[in-house]
Amino acid sequence: MDSKQFREAAVSSIDDIVKYYDTIEERRVVSNVEPGYLRKLLPEEAPQNGEAWADIQKDLEAKILPGITHWQSPNFLAWFPSSSSFPAMLGEMYSAAFTGAAFNWICSPAVTELETIVLDWMAKAFGLPDCYLSTGPTNGGGVIHGTASEAIATVLVAARDKYLREATAHIADEEEREDAIAIRRSKLVALGSAATHSATKKAAQIAGVRFRAVPVHAEDSYRMTGAELKRTILELRARGLEPFYLTATLGTTDTCAIDDMEGVASVLEELAPPGPGEVWVHVDAAYAGAALICPEFQYLTKPFDRFHSYNTNLHKWLLVNFDCSAVWVRDRRHLTDALSVNLAILRNQHTDSGLVTDYRDWQIPFGRRFRSLKVWFVVRSYGIEGLRKHVRKHMALAETFAGLIKERADLFEIVTGPRFALTVFRLVGKEGATLEQRNEITKKMYDAVIEDGRIFLSSTVVSGGVFAIRHNPATPLVEEHHVRKHFEILAEAAEKVLAEA
């Protein structure tokens, strides 16, 4: 494909993309193909000779789109959004054009410097403490990872190495120190609440340490409390184990609960004060952290200067296409101490000077993409005020939905919310129904709605064994009339299930 053919193909592709977005509401939200459908449609081997773009493009509609679940549909309400915007798409296009591994500053200075700048912009926009700025007082700064799971794995590894390095700093003999590190590592425990995303448990597996969940309870709105954290730490220490890391969550996956950040900070100041032996606290705000762009939520950041790291997925709610997880650390040296690699082939005068950032040392992978470009395009296109309007719109839509749920108290009961545009609800069931019976009819209704295919939601089971349905109208294209239609579909299904019960 030469430049002329590329121009023609690009124009045709953009027309296709625009048409897809303009008509997305007409498509069934969730793909209903059978597993293995695509193998039946594609040849057994790759083509020996090149094909015309027009033929390739036809196969997108005929063979690929039937297997696509339409995350940008206003009827996609499951999990959390993976938002999209045209400025971000343009950023991806330019990033692909400028492609390079970008592991060092010298690989493309603009790739590194724009990332540092836009993450300082976003830290300020979120109201994060100054310690997370690249120009702040604690040698902090931001970096873009692929996902929150990658961010958690990265900071957990840094926390592990920091803890072990400080615990064995008094041992002069290298071999003796290695033995001591091996023994201490076997006792390390990473913590998260019972509602924490599974990413923390997976990160602990990767790092070769144990994971323990801090219990959460309905009476605490499913958030981790300082009291439960203290009890868990003391129990672990009584068994000779050493908690070294904690994921505190701002917006849990099940219910968008916010852990008791002040309580967490107070307990850790008592049990593991700053210095050797402290517990690294990472705040996972993968979805709900986007709301911090609104000043009315920035009070939540007050305790963050007592923690070590923070992340928000800009690709969830802030119109930046997947993948783009923004991570900030209070002290970058903990990352570079754990992840730095020094090979002769990587040496250059700029790295050796210590005056530039080499982001390869802030992440687990070596190479990296030019993700900051799409963030820059989105922020400049919408402005901070535009992004605030976007977030507030979805919160208002969730309030509308919750109001409709409350109006039909004969059908539904709100379990939690609305919190950050998420409402969790279930069917009320007949008078005197047991938990198992209510779970059964709620699941039956949920299955009927999914089978119907007009809308797509996700379900969950919260502490206490309650099966519930999640409604999260935070995709960019959703409007009030969609939310009202969502409710009509749910009410229709609920009435039918209850009539048959």
# chains A, B, ... in the order shown; residues from 1 in each chain; ligands from 1
call {"tool": "residues_around", "arguments": {"residues": "range 486-497 of chain A", "least_positions_apart": "3", "cutoff": "9 Å", "atoms": "only C-alpha atoms", "output": "PyMOL selection string"}}
result
chain A and resi 75+401+404-405+408+411-412+427+441-442+444-446+448-449+454-455+481-483+500-501
call {"tool": "select_by_dssp", "arguments": {"residues": "range 221-400 of chain A", "states": "helix (DSSP H, G or I)", "output": "number ranges by chain"}}
result
A: 226-238, 261-271, 288-293, 295-306, 314-317, 333-339, 344-346, 349-353, 359-362, 372-400
call {"tool": "closest_atom_pairs", "arguments": {"of": "range 247-331 of chain A", "to": "range 219-241 of chain A", "cutoff": "10 Å", "atoms": "only C-alpha atoms", "output": "Markdown table"}}
result
| residue | atom | partner | partner_atom | distance |
| --- | --- | --- | --- | --- |
| A:Ala248 | CA | A:Met224 | CA | 7.9 |
| A:Thr249 | CA | A:Met224 | CA | 8.5 |
| A:Leu250 | CA | A:Arg223 | CA | 9.3 |
| A:Gly251 | CA | A:Arg223 | CA | 9.2 |
| A:Thr252 | CA | A:Arg223 | CA | 8.2 |
| A:Asp254 | CA | A:Tyr222 | CA | 9.1 |
| A:Thr255 | CA | A:Tyr222 | CA | 7.6 |
| A:Cys256 | CA | A:Tyr222 | CA | 9.0 |
| A:Ala257 | CA | A:Arg223 | CA | 5.4 |
| A:Ile258 | CA | A:Arg223 | CA | 5.7 |
| A:Asp259 | CA | A:Arg223 | CA | 4.6 |
| A:Asp260 | CA | A:Thr225 | CA | 5.2 |
| A:Met261 | CA | A:Gly226 | CA | 8.0 |
| A:Glu262 | CA | A:Gly226 | CA | 7.9 |
| A:Gly263 | CA | A:Gly226 | CA | 4.3 |
| A:Val264 | CA | A:Gly226 | CA | 4.8 |
| A:Ala265 | CA | A:Gly226 | CA | 8.0 |
| A:Ser266 | CA | A:Gly226 | CA | 7.5 |
| A:Val267 | CA | A:Gly226 | CA | 6.0 |
| A:Leu268 | CA | A:Lys230 | CA | 8.0 |
| A:Glu270 | CA | A:Lys230 | CA | 9.3 |
| A:Leu271 | CA | A:Lys230 | CA | 7.9 |
| A:Ala272 | CA | A:Ile233 | CA | 9.8 |
call {"tool": "atom_distance", "arguments": {"atom1": "CA of Gly142 in chain A", "atom2": "CA of Val327 in chain A"}}
result
5.4 Å
call {"tool": "atom_distance", "arguments": {"atom1": "CA of Gly417 in chain A", "atom2": "CA of Val283 in chain A"}}
result
20.9 Å
call {"tool": "closest_atom_pairs", "arguments": {"of": "range 233-330 of chain A", "to": "range 109-116 of chain A", "cutoff": "12 Å", "atoms": "only C-alpha atoms", "output": "tab-separated table"}}
result
residue	atom	partner	partner_atom	distance
A:Cys324	CA	A:Glu115	CA	11.3
A:Ser325	CA	A:Glu115	CA	11.9
A:Ala326	CA	A:Glu115	CA	9.8
A:Val327	CA	A:Thr116	CA	11.1
A:Trp328	CA	A:Thr116	CA	10.5
call {"tool": "residues_around", "arguments": {"residues": "Ala101 in chain A", "least_positions_apart": "3", "cutoff": "12 Å", "atoms": "only C-alpha atoms", "output": "PyMOL selection string"}}
result
chain A and resi 95-96+98+104-108+111-112+358-360+365-371
call {"tool": "closest_atom_pairs", "arguments": {"of": "range 265-311 of chain A", "to": "range 154-160 of chain A", "cutoff": "12 Å", "atoms": "only C-alpha atoms", "output": "CSV"}}
result
residue,atom,partner,partner_atom,distance
A:Pro276,CA,A:Ala159,CA,11.3
A:Gly277,CA,A:Ala159,CA,10.6
A:Glu278,CA,A:Ala159,CA,9.7
A:Val279,CA,A:Ala159,CA,8.2
A:Trp280,CA,A:Ala159,CA,6.0
A:Val281,CA,A:Ala159,CA,8.9
A:His282,CA,A:Val155,CA,7.6
A:Val283,CA,A:Val155,CA,10.6
A:Asp284,CA,A:Val155,CA,11.1
A:Phe307,CA,A:Ala159,CA,11.9
A:His308,CA,A:Val155,CA,8.9
A:Ser309,CA,A:Val155,CA,7.5
A:Tyr310,CA,A:Val155,CA,9.4
A:Asn311,CA,A:Val155,CA,10.3
call {"tool": "write_last_selection", "arguments": {"atoms": "all heavy atoms", "output": "compact mmCIF listing (two decimals), in the first residue's frame"}}
result
# COMPACT_ATOMS: atom_id res chain seq x y z
N PRO A 276 11.34 2.44 57.51
CA PRO A 276 11.49 0.99 57.33
C PRO A 276 10.38 0.22 58.03
O PRO A 276 10.05 0.52 59.18
CB PRO A 276 12.86 0.71 57.96
CG PRO A 276 13.61 2.00 57.81
CD PRO A 276 12.57 3.08 57.99
N GLY A 277 9.79 -0.73 57.31
CA GLY A 277 8.69 -1.51 57.87
C GLY A 277 7.32 -0.93 57.61
O GLY A 277 6.31 -1.52 58.00
N GLU A 278 7.25 0.22 56.95
CA GLU A 278 5.94 0.81 56.66
C GLU A 278 5.20 -0.03 55.61
O GLU A 278 5.80 -0.81 54.86
CB GLU A 278 6.10 2.25 56.15
CG GLU A 278 6.77 2.35 54.79
CD GLU A 278 6.92 3.80 54.32
OE1 GLU A 278 6.19 4.66 54.83
OE2 GLU A 278 7.76 4.05 53.44
N VAL A 279 3.90 0.13 55.56
CA VAL A 279 3.07 -0.54 54.57
C VAL A 279 2.83 0.42 53.41
O VAL A 279 2.35 1.54 53.62
CB VAL A 279 1.72 -0.98 55.18
CG1 VAL A 279 0.79 -1.53 54.10
CG2 VAL A 279 1.96 -2.04 56.26
N TRP A 280 3.20 -0.01 52.23
CA TRP A 280 2.97 0.79 51.01
C TRP A 280 1.47 0.80 50.73
O TRP A 280 0.84 -0.26 50.62
CB TRP A 280 3.73 0.17 49.85
CG TRP A 280 3.59 0.88 48.52
CD1 TRP A 280 2.45 1.14 47.83
CD2 TRP A 280 4.67 1.39 47.71
NE1 TRP A 280 2.73 1.78 46.65
CE2 TRP A 280 4.08 1.94 46.55
CE3 TRP A 280 6.05 1.41 47.85
CZ2 TRP A 280 4.85 2.51 45.53
CZ3 TRP A 280 6.81 2.00 46.85
CH2 TRP A 280 6.21 2.54 45.70
N VAL A 281 0.88 1.98 50.60
CA VAL A 281 -0.54 2.09 50.26
C VAL A 281 -0.69 2.61 48.83
O VAL A 281 -0.19 3.68 48.50
CB VAL A 281 -1.29 3.01 51.24
CG1 VAL A 281 -2.78 3.09 50.85
CG2 VAL A 281 -1.15 2.52 52.66
N HIS A 282 -1.37 1.81 48.03
CA HIS A 282 -1.70 2.21 46.66
C HIS A 282 -3.20 2.44 46.58
O HIS A 282 -3.98 1.59 47.01
CB HIS A 282 -1.30 1.14 45.67
CG HIS A 282 -1.73 1.44 44.26
ND1 HIS A 282 -1.11 2.41 43.49
CD2 HIS A 282 -2.75 0.94 43.50
CE1 HIS A 282 -1.71 2.47 42.31
NE2 HIS A 282 -2.71 1.60 42.29
N VAL A 283 -3.61 3.58 46.05
CA VAL A 283 -5.04 3.87 45.87
C VAL A 283 -5.43 3.51 44.43
O VAL A 283 -4.94 4.10 43.47
CB VAL A 283 -5.35 5.36 46.14
CG1 VAL A 283 -6.83 5.63 45.90
CG2 VAL A 283 -4.96 5.73 47.57
N ASP A 284 -6.29 2.51 44.33
CA ASP A 284 -6.81 2.10 43.03
C ASP A 284 -8.12 2.82 42.80
O ASP A 284 -9.15 2.50 43.40
CB ASP A 284 -7.00 0.58 43.00
CG ASP A 284 -7.61 0.10 41.68
OD1 ASP A 284 -7.52 0.84 40.68
OD2 ASP A 284 -8.17 -1.01 41.66
N PHE A 307 -0.03 8.42 51.44
CA PHE A 307 0.07 7.15 50.72
C PHE A 307 1.21 7.21 49.72
O PHE A 307 1.91 8.22 49.60
CB PHE A 307 -1.26 6.83 50.05
CG PHE A 307 -2.43 6.72 50.99
CD1 PHE A 307 -3.72 7.00 50.56
CD2 PHE A 307 -2.25 6.34 52.31
CE1 PHE A 307 -4.81 6.90 51.43
CE2 PHE A 307 -3.32 6.23 53.20
CZ PHE A 307 -4.61 6.52 52.75
N HIS A 308 1.40 6.13 48.98
CA HIS A 308 2.59 6.00 48.14
C HIS A 308 2.33 6.10 46.64
O HIS A 308 3.21 6.52 45.89
CB HIS A 308 3.28 4.67 48.42
CG HIS A 308 3.75 4.52 49.83
ND1 HIS A 308 2.90 4.26 50.89
CD2 HIS A 308 4.99 4.62 50.38
CE1 HIS A 308 3.58 4.21 52.02
NE2 HIS A 308 4.85 4.42 51.74
N SER A 309 1.14 5.70 46.20
CA SER A 309 0.86 5.70 44.75
C SER A 309 -0.64 5.73 44.51
O SER A 309 -1.45 5.43 45.41
CB SER A 309 1.50 4.49 44.06
OG SER A 309 1.15 3.28 44.71
N TYR A 310 -1.00 6.07 43.28
CA TYR A 310 -2.40 6.28 42.92
C TYR A 310 -2.56 6.03 41.43
O TYR A 310 -1.67 6.37 40.64
CB TYR A 310 -2.80 7.73 43.26
CG TYR A 310 -4.15 8.16 42.74
CD1 TYR A 310 -5.29 7.99 43.51
CD2 TYR A 310 -4.28 8.72 41.47
CE1 TYR A 310 -6.54 8.38 43.03
CE2 TYR A 310 -5.52 9.11 40.99
CZ TYR A 310 -6.65 8.93 41.77
OH TYR A 310 -7.88 9.30 41.29
N ASN A 311 -3.68 5.43 41.04
CA ASN A 311 -3.92 5.28 39.59
C ASN A 311 -5.38 5.48 39.23
O ASN A 311 -6.30 5.18 40.01
CB ASN A 311 -3.44 3.92 39.08
CG ASN A 311 -4.42 2.80 39.32
OD1 ASN A 311 -4.41 2.20 40.38
ND2 ASN A 311 -5.27 2.51 38.34
call {"tool": "atom_distance", "arguments": {"atom1": "CA of Ala396 in chain A", "atom2": "CA of Asn472 in chain A"}}
result
11.5 Å
call {"tool": "closest_residue", "arguments": {"among": "A:Ile14, A:Val30, A:Ala172, A:Cys131", "to": "Gln57 in chain A", "atoms": "only C-alpha atoms"}}
result
A:Ile14
call {"tool": "select_by_dssp", "arguments": {"residues": "range 233-384 of chain A", "states": "strand (DSSP E)", "output": "MDAnalysis selection string"}}
result
chainID A and resid 242:249 280:284 309:313 325:329
call {"tool": "closest_residue", "arguments": {"among": "A:Ile24, A:Ala9, A:Leu477, A:Ala207", "to": "Ala52 in chain A", "atoms": "only C-alpha atoms"}}
result
A:Ala9
